[in-house]
Amino acid sequence: MQLRVGMVGYAFMGAAHSQAWRTVNRVYDLPARARMALICGRDAGNVAEAADRLGWDAYTTDWRDLVSRDDIDVVDVCTPGDSHAEIALAALAAGKHVLCEKPLANTVEEARAMAAAAPTARASGVRSMCGFNYRRVPAVAMMRRLVADGRLGVIRHVRAAYLQDWIVDPQFPLVWRLQKDRAGSGALGDIGAHIIDLTQYVTGQRITGVSAVTETFVKERPLPAGSSGLAATVDGSVDGHADGAGPATGPVTVDDAALFVARLDGGALATYEASRFATGRKNALRVEINGSLGSVVFDLERLNELEFYDATLPTAEQGFSRILVTEGDHPYMSAWWPPGHIIGYEHSFTHQMRDFIEAIATGTDPEPSFADALQVQLVLDAVVRSAELGSSWTDVEPALTAVAV
Ligand SMILES: NC(=O)c1ccc[n+]([C@@H]2O[C@H](COP(=O)([O-])OP(=O)(O)OC[C@H]3O[C@@H](n4cnc5c(N)ncnc54)[C@H](O)[C@@H]3O)[C@@H](O)[C@H]2O)c1
């Protein structure tokens with residue numbers, strides 16, 4: 001079985017996904033083969049160059065062409081959030097399997113429409129998944145296994161932070177990630193969404209309510225030079241590598257940082273911190289979970305490792321131990337290298353494509369589903385509403401009410 005993939009967007013995530021599509025069938029023995037059939041971008045010259053560099057058979061400059069073609073089976077959405085819903089809904093309606101980058105959409109309404117369309121498409125065998133790739137870091141999947149096996153006992157605390165510093169300089173230009181109409185929200189939806197999904201996935205518990213603060217430290221920034229204005233960044237620019245600043249400025253319409261406390265439905269208390277102003281922290285995702293029988297810690301900067309504290313050991317032997325998650329019986333690792341030969345960031349995307357291909361080929365539902373991603377969107381929405389109401393306690397709306405709009 002061959003799956004002909006069409007991907008929209010070819011910058012940061014486009015490159016990461018291309019690497020994964022290129023690699024996945026060479027590493028894993030799967031019931032279907034991905035073929036990198038078609039790539040889409042808006043600028044013909046740039047997308048032609050990207051197709052050649054990233055290994056795609058052909059290119060187009062219109063995503064509507066990509067989703068409507070008979071020779072495409074899978075649509076991979078790697079654009080900013082303002083186009084996720086439109087592209088994904090059109091692709092599902094055209095009978096294409098859809099992998100959509102996170103956060104699922106820019107608004108709850110769009111996410112609801114996507115979550116409502118997914119089961120309709122599934123009825124005719126069409127699968128959909130949201131790209132929360134950190135679930136596929138072997139150490140994160142191993143964390144989940146430890147929790148599910150009861151090794152941590154009753155979960156009491158979840159402590160999560162995702163910290164970056166790429167906009168500390170007030171002269172950093174107003175790229176699309178700093179514009180609400182393009183990105184939905186700032187640090188909250190971009191990196192906060194990852195730790196929301198990751199912690200809920202690992203613990204099996206869902207956030208029921210939050211109290212939040214958000215802040216935009218730098219409220220006005222230079223427009224990117226070479227951009228046609230507020231609505232666009234230079235085609236092909238990536239996070240942290242935008243064109244330099246021009247003389248004109250515009251308002252930052254998203255949060256620079258979002259912090260919140262939360263309750264989980266299994267009784268745990270949780271703290272979350274997402275910031276692009278953590279000077280010196282480049283891409284620092286850290287999660288610690290404390291349970292009645294033990295604790296576990298994950299740090300993305302040491303992604304092959306887990307720290308595990310087993311409180312059931314004799315007192316004299318207790319202490320945090322370092323597990324090197326590179327054994328063949330660790331999640332995803334049997335296809336890679338001999339034990340101790342570490343892997344990296346890009347492998348999480350290869351694992352994501354592996355799981356997606358396998359689900360399509362075996363007729364099962366991949367996770368996280370659009371409904372799972374809608375639930376993350378509802379948490380983001382509760383955080384925004386709480387912050388607007390002076391941090392007042394705000395319940396997360398149940399995700400069960402997905403309706404078509
Ligand atoms: N999973 C992760 O770890 C992760 C990391 C970074 C970004 N993301 C997500 O991936 C998505 C893309 O982010 P990015 O960092 O790759 O952005 P980017 O700016 O690097 O790339 C966006 C791409 O989309 C293209 N594009 C924009 N609008 C388009 C349209 N209407 N038609 C065709 N192409 C269009 C741009 O030309 C560019 O190639 C976002 O949803 C972001 O939140 C996920």
# chains A, B, ... in the order shown; residues from 1 in each chain; ligands from 1
call {"tool": "residues_around", "arguments": {"residues": "range 42-54 of chain A", "least_positions_apart": "4", "cutoff": "10 Å", "atoms": "only C-alpha atoms", "output": "PyMOL selection string"}}
result
chain A and resi 8-11+14-19+21-22+36-38+58-63+235-236
call {"tool": "write_last_selection", "arguments": {"atoms": "C-alpha atoms", "output": "JSON list (two decimals), in the first residue's frame"}}
result
[["chain", "number", "residue", "atom", "x", "y", "z"],
["A", 8, "VAL", "CA", 1.32, 22.50, 2.90],
["A", 9, "GLY", "CA", 4.07, 24.82, 4.23],
["A", 10, "TYR", "CA", 7.78, 24.18, 3.87],
["A", 11, "ALA", "CA", 9.63, 26.23, 6.47],
["A", 14, "GLY", "CA", 7.76, 21.64, 6.73],
["A", 15, "ALA", "CA", 11.44, 20.73, 6.96],
["A", 16, "ALA", "CA", 10.97, 18.66, 10.14],
["A", 17, "HIS", "CA", 8.04, 16.74, 8.61],
["A", 18, "SER", "CA", 9.92, 16.23, 5.33],
["A", 19, "GLN", "CA", 12.82, 14.70, 7.23],
["A", 21, "TRP", "CA", 8.50, 11.38, 5.75],
["A", 22, "ARG", "CA", 11.88, 10.68, 4.08],
["A", 36, "MET", "CA", 6.47, 12.48, -0.84],
["A", 37, "ALA", "CA", 4.25, 13.41, -3.76],
["A", 38, "LEU", "CA", 3.42, 17.10, -3.58],
["A", 58, "ALA", "CA", 6.29, 17.99, -7.40],
["A", 59, "TYR", "CA", 5.00, 21.31, -6.12],
["A", 60, "THR", "CA", 1.95, 23.55, -6.32],
["A", 61, "THR", "CA", 1.24, 27.11, -5.19],
["A", 62, "ASP", "CA", -2.40, 26.55, -4.18],
["A", 63, "TRP", "CA", -3.40, 24.32, -1.25],
["A", 235, "ASP", "CA", 7.61, 33.41, 2.77],
["A", 236, "GLY", "CA", 9.86, 30.77, 4.18]]
call {"tool": "residues_near_ligand", "arguments": {"ligand": "ligand 1", "cutoff": "8 Å", "atoms": "only C-alpha atoms and all ligand atoms", "output": "PyMOL selection string"}}
result
chain A and resi 8-15+40-43+61-63+77-84+100-105+131-134+176+183+189-190+194+233-239
call {"tool": "write_last_selection", "arguments": {"atoms": "N, CA and C atoms", "output": "compact mmCIF listing (two decimals), in the first residue's frame"}}
result
# COMPACT_ATOMS: atom_id res chain seq x y z
N VAL A 8 1.49 21.05 3.09
CA VAL A 8 1.32 22.50 2.90
C VAL A 8 2.22 23.23 3.89
N GLY A 9 3.11 24.12 3.37
CA GLY A 9 4.07 24.82 4.23
C GLY A 9 5.41 24.10 4.17
N TYR A 10 6.49 24.86 4.06
CA TYR A 10 7.78 24.18 3.87
C TYR A 10 8.91 24.84 4.64
N ALA A 11 8.56 25.58 5.71
CA ALA A 11 9.63 26.23 6.47
C ALA A 11 10.04 25.34 7.65
N PHE A 12 9.84 25.80 8.89
CA PHE A 12 10.36 25.03 10.03
C PHE A 12 9.72 23.64 10.10
N MET A 13 8.40 23.61 10.34
CA MET A 13 7.76 22.30 10.45
C MET A 13 7.77 21.56 9.12
N GLY A 14 7.69 22.30 8.03
CA GLY A 14 7.76 21.64 6.73
C GLY A 14 9.05 20.85 6.58
N ALA A 15 10.15 21.43 7.05
CA ALA A 15 11.44 20.73 6.96
C ALA A 15 11.49 19.55 7.93
N CYS A 40 3.32 22.23 -1.08
CA CYS A 40 2.64 23.47 -1.44
C CYS A 40 3.20 24.66 -0.67
N GLY A 41 3.42 25.76 -1.39
CA GLY A 41 3.78 27.04 -0.79
C GLY A 41 3.23 28.12 -1.71
N ARG A 42 3.26 29.37 -1.28
CA ARG A 42 2.60 30.40 -2.11
C ARG A 42 3.51 31.00 -3.17
N ASP A 43 4.81 30.91 -2.96
CA ASP A 43 5.76 31.51 -3.91
C ASP A 43 6.38 30.41 -4.77
N THR A 61 1.29 25.86 -5.96
CA THR A 61 1.24 27.11 -5.19
C THR A 61 -0.15 27.35 -4.59
N ASP A 62 -1.04 26.36 -4.70
CA ASP A 62 -2.40 26.55 -4.18
C ASP A 62 -2.80 25.31 -3.38
N TRP A 63 -3.04 25.49 -2.07
CA TRP A 63 -3.40 24.32 -1.25
C TRP A 63 -4.71 23.69 -1.71
N VAL A 77 -0.59 19.36 7.24
CA VAL A 77 -0.76 20.82 7.36
C VAL A 77 0.34 21.40 8.25
N CYS A 78 1.26 22.14 7.63
CA CYS A 78 2.40 22.74 8.34
C CYS A 78 2.42 24.25 8.18
N THR A 79 1.24 24.85 8.18
CA THR A 79 1.12 26.31 8.04
C THR A 79 0.81 26.92 9.41
N PRO A 80 0.88 28.26 9.54
CA PRO A 80 0.43 28.90 10.77
C PRO A 80 -1.05 28.59 11.05
N GLY A 81 -1.46 28.80 12.30
CA GLY A 81 -2.80 28.38 12.75
C GLY A 81 -3.96 29.01 12.01
N ASP A 82 -3.75 30.16 11.36
CA ASP A 82 -4.89 30.82 10.72
C ASP A 82 -5.41 30.07 9.51
N SER A 83 -4.66 29.09 9.01
CA SER A 83 -5.16 28.33 7.86
C SER A 83 -5.40 26.85 8.18
N HIS A 84 -5.16 26.42 9.43
CA HIS A 84 -5.34 25.00 9.76
C HIS A 84 -6.76 24.52 9.47
N CYS A 100 -2.43 17.46 11.15
CA CYS A 100 -2.43 18.91 11.27
C CYS A 100 -1.54 19.32 12.43
N GLU A 101 -0.65 20.27 12.17
CA GLU A 101 0.23 20.75 13.24
C GLU A 101 -0.58 21.36 14.39
N LYS A 102 0.07 21.46 15.53
CA LYS A 102 -0.55 22.07 16.70
C LYS A 102 -0.31 23.58 16.71
N PRO A 103 -1.01 24.38 17.52
CA PRO A 103 -2.29 23.97 18.11
C PRO A 103 -3.30 23.74 16.99
N LEU A 104 -4.32 22.93 17.26
CA LEU A 104 -5.21 22.48 16.18
C LEU A 104 -5.73 23.65 15.35
N ALA A 105 -6.09 24.75 16.03
CA ALA A 105 -6.67 25.89 15.32
C ALA A 105 -6.36 27.15 16.12
N GLY A 131 -0.51 17.23 15.49
CA GLY A 131 0.93 16.99 15.61
C GLY A 131 1.58 17.38 16.93
N PHE A 132 1.09 16.84 18.03
CA PHE A 132 1.78 17.05 19.30
C PHE A 132 2.93 16.03 19.38
N ASN A 133 4.02 16.36 18.70
CA ASN A 133 5.10 15.39 18.48
C ASN A 133 5.84 14.97 19.74
N TYR A 134 5.81 15.83 20.80
CA TYR A 134 6.59 15.46 21.99
C TYR A 134 6.08 14.19 22.66
N TRP A 176 4.75 36.45 12.37
CA TRP A 176 3.36 35.99 12.49
C TRP A 176 3.05 35.43 13.87
N ALA A 183 -1.72 33.69 14.69
CA ALA A 183 -1.24 32.63 15.58
C ALA A 183 -2.26 32.21 16.64
N GLY A 189 -0.34 29.37 23.19
CA GLY A 189 -0.76 28.36 22.21
C GLY A 189 0.40 27.70 21.51
N ASP A 190 1.52 28.41 21.41
CA ASP A 190 2.67 27.88 20.68
C ASP A 190 3.39 26.80 21.50
N HIS A 194 1.88 22.54 24.03
CA HIS A 194 2.68 21.30 24.10
C HIS A 194 2.68 20.71 25.51
N THR A 233 4.68 37.42 7.03
CA THR A 233 6.13 37.44 7.14
C THR A 233 6.67 36.99 5.79
N VAL A 234 7.94 37.15 5.60
CA VAL A 234 8.54 36.73 4.35
C VAL A 234 8.33 35.23 4.17
N ASP A 235 7.87 34.82 3.02
CA ASP A 235 7.61 33.41 2.77
C ASP A 235 8.88 32.61 3.07
N GLY A 236 8.71 31.60 3.89
CA GLY A 236 9.86 30.77 4.18
C GLY A 236 10.62 31.16 5.42
N SER A 237 10.26 32.27 6.07
CA SER A 237 10.96 32.63 7.29
C SER A 237 10.59 31.66 8.40
N VAL A 238 11.50 31.43 9.32
CA VAL A 238 11.20 30.51 10.40
C VAL A 238 11.42 31.18 11.74
N ASP A 239 10.83 30.57 12.73
CA ASP A 239 10.93 30.94 14.12
C ASP A 239 12.36 31.36 14.47
call {"tool": "residues_around", "arguments": {"residues": "Arg144 in chain A", "least_positions_apart": "6", "cutoff": "12 Å", "atoms": "only C-alpha atoms", "output": "list of chain:residue names"}}
result
A:Arg135, A:Arg136, A:Val137, A:Pro138, A:Gly150, A:Arg151, A:Leu152, A:Ile155, A:Leu198, A:Thr199, A:Gln200, A:Tyr201, A:Val202, A:Thr203, A:Gly204, A:Gln205, A:Val287, A:Ile289, A:Val296, A:Val297, A:Phe298, A:Leu306, A:His330, A:Pro331
call {"tool": "closest_residue", "arguments": {"among": "A:Arg354, A:Arg26, A:Arg263, A:Arg112", "to": "Arg156 in chain A", "atoms": "only C-alpha atoms"}}
result
A:Arg263
call {"tool": "residues_around", "arguments": {"residues": "Leu264 in chain A", "least_positions_apart": "5", "cutoff": "9 Å", "atoms": "only C-alpha atoms", "output": "ChimeraX atom specification"}}
result
/A:200,205-209,269-270
call {"tool": "residues_around", "arguments": {"residues": "Tyr332 in chain A", "least_positions_apart": "3", "cutoff": "10 Å", "atoms": "only C-alpha atoms", "output": "PyMOL selection string"}}
result
chain A and resi 28+136-139+141-142+326-329+335-336+347-348+350-351+354-355
call {"tool": "select_by_dssp", "arguments": {"residues": "range 83-145 of chain A", "states": "alpha helix (DSSP H)", "output": "PyMOL selection string"}}
result
chain A and resi 84-93+108-122+138-145
call {"tool": "closest_residue", "arguments": {"among": "A:Ala316, A:Ala161, A:Leu178, A:Ile360", "to": "Ile191 in chain A", "atoms": "only C-alpha atoms"}}
result
A:Ala161
call {"tool": "residues_around", "arguments": {"residues": "range 64-70 of chain A", "least_positions_apart": "3", "cutoff": "7 Å", "atoms": "only C-alpha atoms", "output": "PyMOL selection string"}}
result
chain A and resi 6+75+90-91+94
call {"tool": "select_by_dssp", "arguments": {"residues": "range 83-262 of chain A", "states": "strand (DSSP E)", "output": "PyMOL selection string"}}
result
chain A and resi 97-101+128-131+155-163+207-215+220-224+245-251+257-262
call {"tool": "atom_distance", "arguments": {"atom1": "CA of Lys180 in chain A", "atom2": "CA of Tyr272 in chain A"}}
result
21.1 Å
call {"tool": "residues_around", "arguments": {"residues": "Val210 in chain A", "least_positions_apart": "5", "cutoff": "7 Å", "atoms": "only C-alpha atoms", "output": "list of chain:residue names"}}
result
A:Phe260, A:Val261, A:Ala262, A:Arg263, A:Ala382, A:Val383, A:Trp393, A:Thr394, A:Asp395
call {"tool": "closest_residue", "arguments": {"among": "A:Ala387, A:Leu188, A:Ala32, A:Ala361", "to": "Arg127 in chain A", "atoms": "only C-alpha atoms"}}
result
A:Ala361
call {"tool": "closest_residue", "arguments": {"among": "A:Ala111, A:Leu303, A:Val126, A:Ala212", "to": "Asp73 in chain A", "atoms": "only C-alpha atoms"}}
result
A:Val126
